[in-house]
Protein chains: 2
Amino acid sequence: MSGTPKKTEIQTQLPDLFASIRAAHDTIRDGIHPTPVLSSRTLMDRCGASGLWFKCENFQKTGSFKLRGATNAIRSLSAEEGERGVVAHSSGNHAQAVAYASLKAGIKARIVMPKDSSPIKIEATRGYGAEVSLCEPDLASRDEVSKRILTEHGSVLIHPFDDPRIIAGQGTAALEFLEEVPDLDVLLTPVSGGGLLCGSSITARSLRPDIQIIGCEPENADDAYRSFRSGKLEPASPRHTIADGLRATLSLRSLTLIRALVTDIVTVPEEEIVPAMRTVWERMKIVIEPSSAVVVAALLGGRLDLRGLRVGAILSGGNVDFGR
Amino acid sequence: MSGTPKKTEIQTQLPDLFASIRAAHDTIRDGIHPTPVLSSRTLMDRCGASGLWFKCENFQKTGSFKLRGATNAIRSLSAEEGERGVVAHSSGNHAQAVAYASLKAGIKARIVMPKDSSPIKIEATRGYGAEVSLCEPDLASRDEVSKRILTEHGSVLIHPFDDPRIIAGQGTAALEFLEEVPDLDVLLTPVSGGGLLCGSSITARSLRPDIQIIGCEPENADDAYRSFRSGKLEPASPRHTIADGLRATLSLRSLTLIRALVTDIVTVPEEEIVPAMRTVWERMKIVIEPSSAVVVAALLGGRLDLRGLRVGAILSGGNVDFGR
């Protein structure tokens, strides 16, 4: 990890990092929904917390928090960069977010999606006016197709998480959350590449220095859990998880921020994800996707001691293909 | 229909009927959720309306609007009636509503449910402390079991819709709705026994005399549609509908109110109900049950001319058993 900032350096940078989140909120405010915060007595009782609130990014435009980062990144482009258009690679929520934010900004978006992406997500991305290029479902093909488009059009790559503008945008969800419920003791978010967890941590650690920040990950995609403990970037797990939004692995940037700011990363067994999702559908009457249910599974699994604490959780998205 | 009031008589009674709804709202206010009103740009565009709002009773406690009427009826009991407890027969939402409202009022509830009711609904009803008696899935058995309990305990029957206190309670959803969006041109609700449609009509016709009030019914359970046209109580359709909350038939009381106050009853083809439900799940990220989806199917089916109109619809409930 030579060349990357140490824990104390991140602490020193924290005011500037948080300023970038406040600036991002001003930048994106009129392009996003200020999503609601909901509570559930049933779930609160089940996890033993004294208060439980959910920041409902499943109600965000395009169905996930990803629009926050995408909008911040795209609105940060120069006029000349905008002319050349943007490229993103994603099988899901980041694709739709970049497509939508580009459409609203009048910028051409080219999205690289794996062939085996959900047809409904490909259709939604095209529906927002993006040009979709399908690639083989592997990293090599994805990078090759992305590189070809970047070279051909001189476009700007909008990375799903390894980008300070994306992290700043994602941190605005926790900002709204803590403005509405300021005295949280614990904040939980899912973790995949780390954009949401990093942004949330910068916000929460700045506003509530003593808050516990917990990243939640499927056991079957536990690279962040392992990397958090080892201090180096661990490879992806070969196992499969239904939480398809959480299959990415950390970057050096996100690992460094997470090691400095996050209290812990916990994993949840694969078989607890769908029941947790159903519990939210049935009890709260809201649709969340499996990646969001990972946080709920962590809440309900009995492995966190939340007794008497005021707990907040970010429900990251609600894009479920019910036709399947 | 001798002995029942004519259209003009209902018009004369309208101020008193509406006063009972305002009174009901005061009675139940601290026992219910003031449910949110949501809009959907996608659905608005698809139905051609200039505005589209949903009153989300799927977020009501116990998962449906039924709690409004049940709470009003139960809070209207005398102390002596309360001592003897209440009886209700229902396979679904009314059962849970009566059980919950009774629990909160410290009153014993005995609920008669058909043997083939969803196990999750039976469990939920028992979970609210009610004593559940199972009957055969036919009217004769239901009435026999209900009568036995009524006789044995001297309990009070809380009818699911044929009761002015129930109708007054159900009318409070439209009251909140029109307080939040006062200038609706059209109001749609589902219709089964008619409690919600009657209550909504009294409210809407009182506050907005020229509003169009449309009851929505599955083609496969179209007795209200036929009764509205013939002016007499038509028998239940023998066909099956997935909208299990809409299988009851009107009473003379509800038919009379509906004929006097409602603009029209429309039916929707059975095969449009599930797709409409999925559209709401996928687009709005909220869980509605098939009975609520009937209203959405009416909105999206292209058979209503809603162009340029400000349209409100009551989403009646969200109790879906995802385990099935």
# chains A, B, ... in the order shown; residues from 1 in each chain; ligands from 1

call {"tool": "interface_residues", "arguments": {"of": "chain B", "to": "chain A", "cutoff": "9 Å", "atoms": "only C-alpha atoms", "output": "ChimeraX atom specification"}}
result
/B:58-59,63,278,281-288,318-323

call {"tool": "residues_around", "arguments": {"residues": "Arg247 of chain A", "least_positions_apart": "2", "cutoff": "10 Å", "atoms": "only C-alpha atoms", "output": "MDAnalysis selection string"}}
result
chainID A and resid 191:193 217:218 220:223 236:237 239:245 249:250 291

call {"tool": "select_by_dssp", "arguments": {"residues": "segment 146-217 of chain A", "states": "alpha helix (DSSP H)", "output": "ChimeraX atom specification"}}
result
/A:146-153,164-180,195-207

call {"tool": "residues_around", "arguments": {"residues": "segment 165-174 of chain B", "least_positions_apart": "3", "cutoff": "8 Å", "atoms": "only C-alpha atoms", "output": "VMD selection string"}}
result
chain B and resid 17 to 18 20 to 22 24 to 25 28 55 57 65 to 66 68 to 73 76 159 to 162 177 to 178 195 to 196 198 to 204 314

call {"tool": "residues_around", "arguments": {"residues": "Leu255 of chain A", "least_positions_apart": "2", "cutoff": "9 Å", "atoms": "only C-alpha atoms", "output": "PyMOL selection string"}}
result
chain A and resi 193-194+198+224+227-228+231-233+250-253+257-260

call {"tool": "atom_distance", "arguments": {"atom1": "atom CA of Val87 of chain B", "atom2": "atom CA of Thr42 of chain A"}}
result
26.3 Å

call {"tool": "atom_distance", "arguments": {"atom1": "atom CA of Ala97 of chain A", "atom2": "atom CA of Leu67 of chain A"}}
result
4.5 Å

call {"tool": "select_by_dssp", "arguments": {"residues": "segment 43-291 of chain B", "states": "strand (DSSP E)", "output": "MDAnalysis selection string"}}
result
chainID B and resid 51:56 86:89 109:114 131:135 156:157 186:190 212:218 264:268

call {"tool": "atom_distance", "arguments": {"atom1": "atom CA of Pro182 of chain A", "atom2": "atom CA of Ala293 of chain A"}}
result
23.6 Å
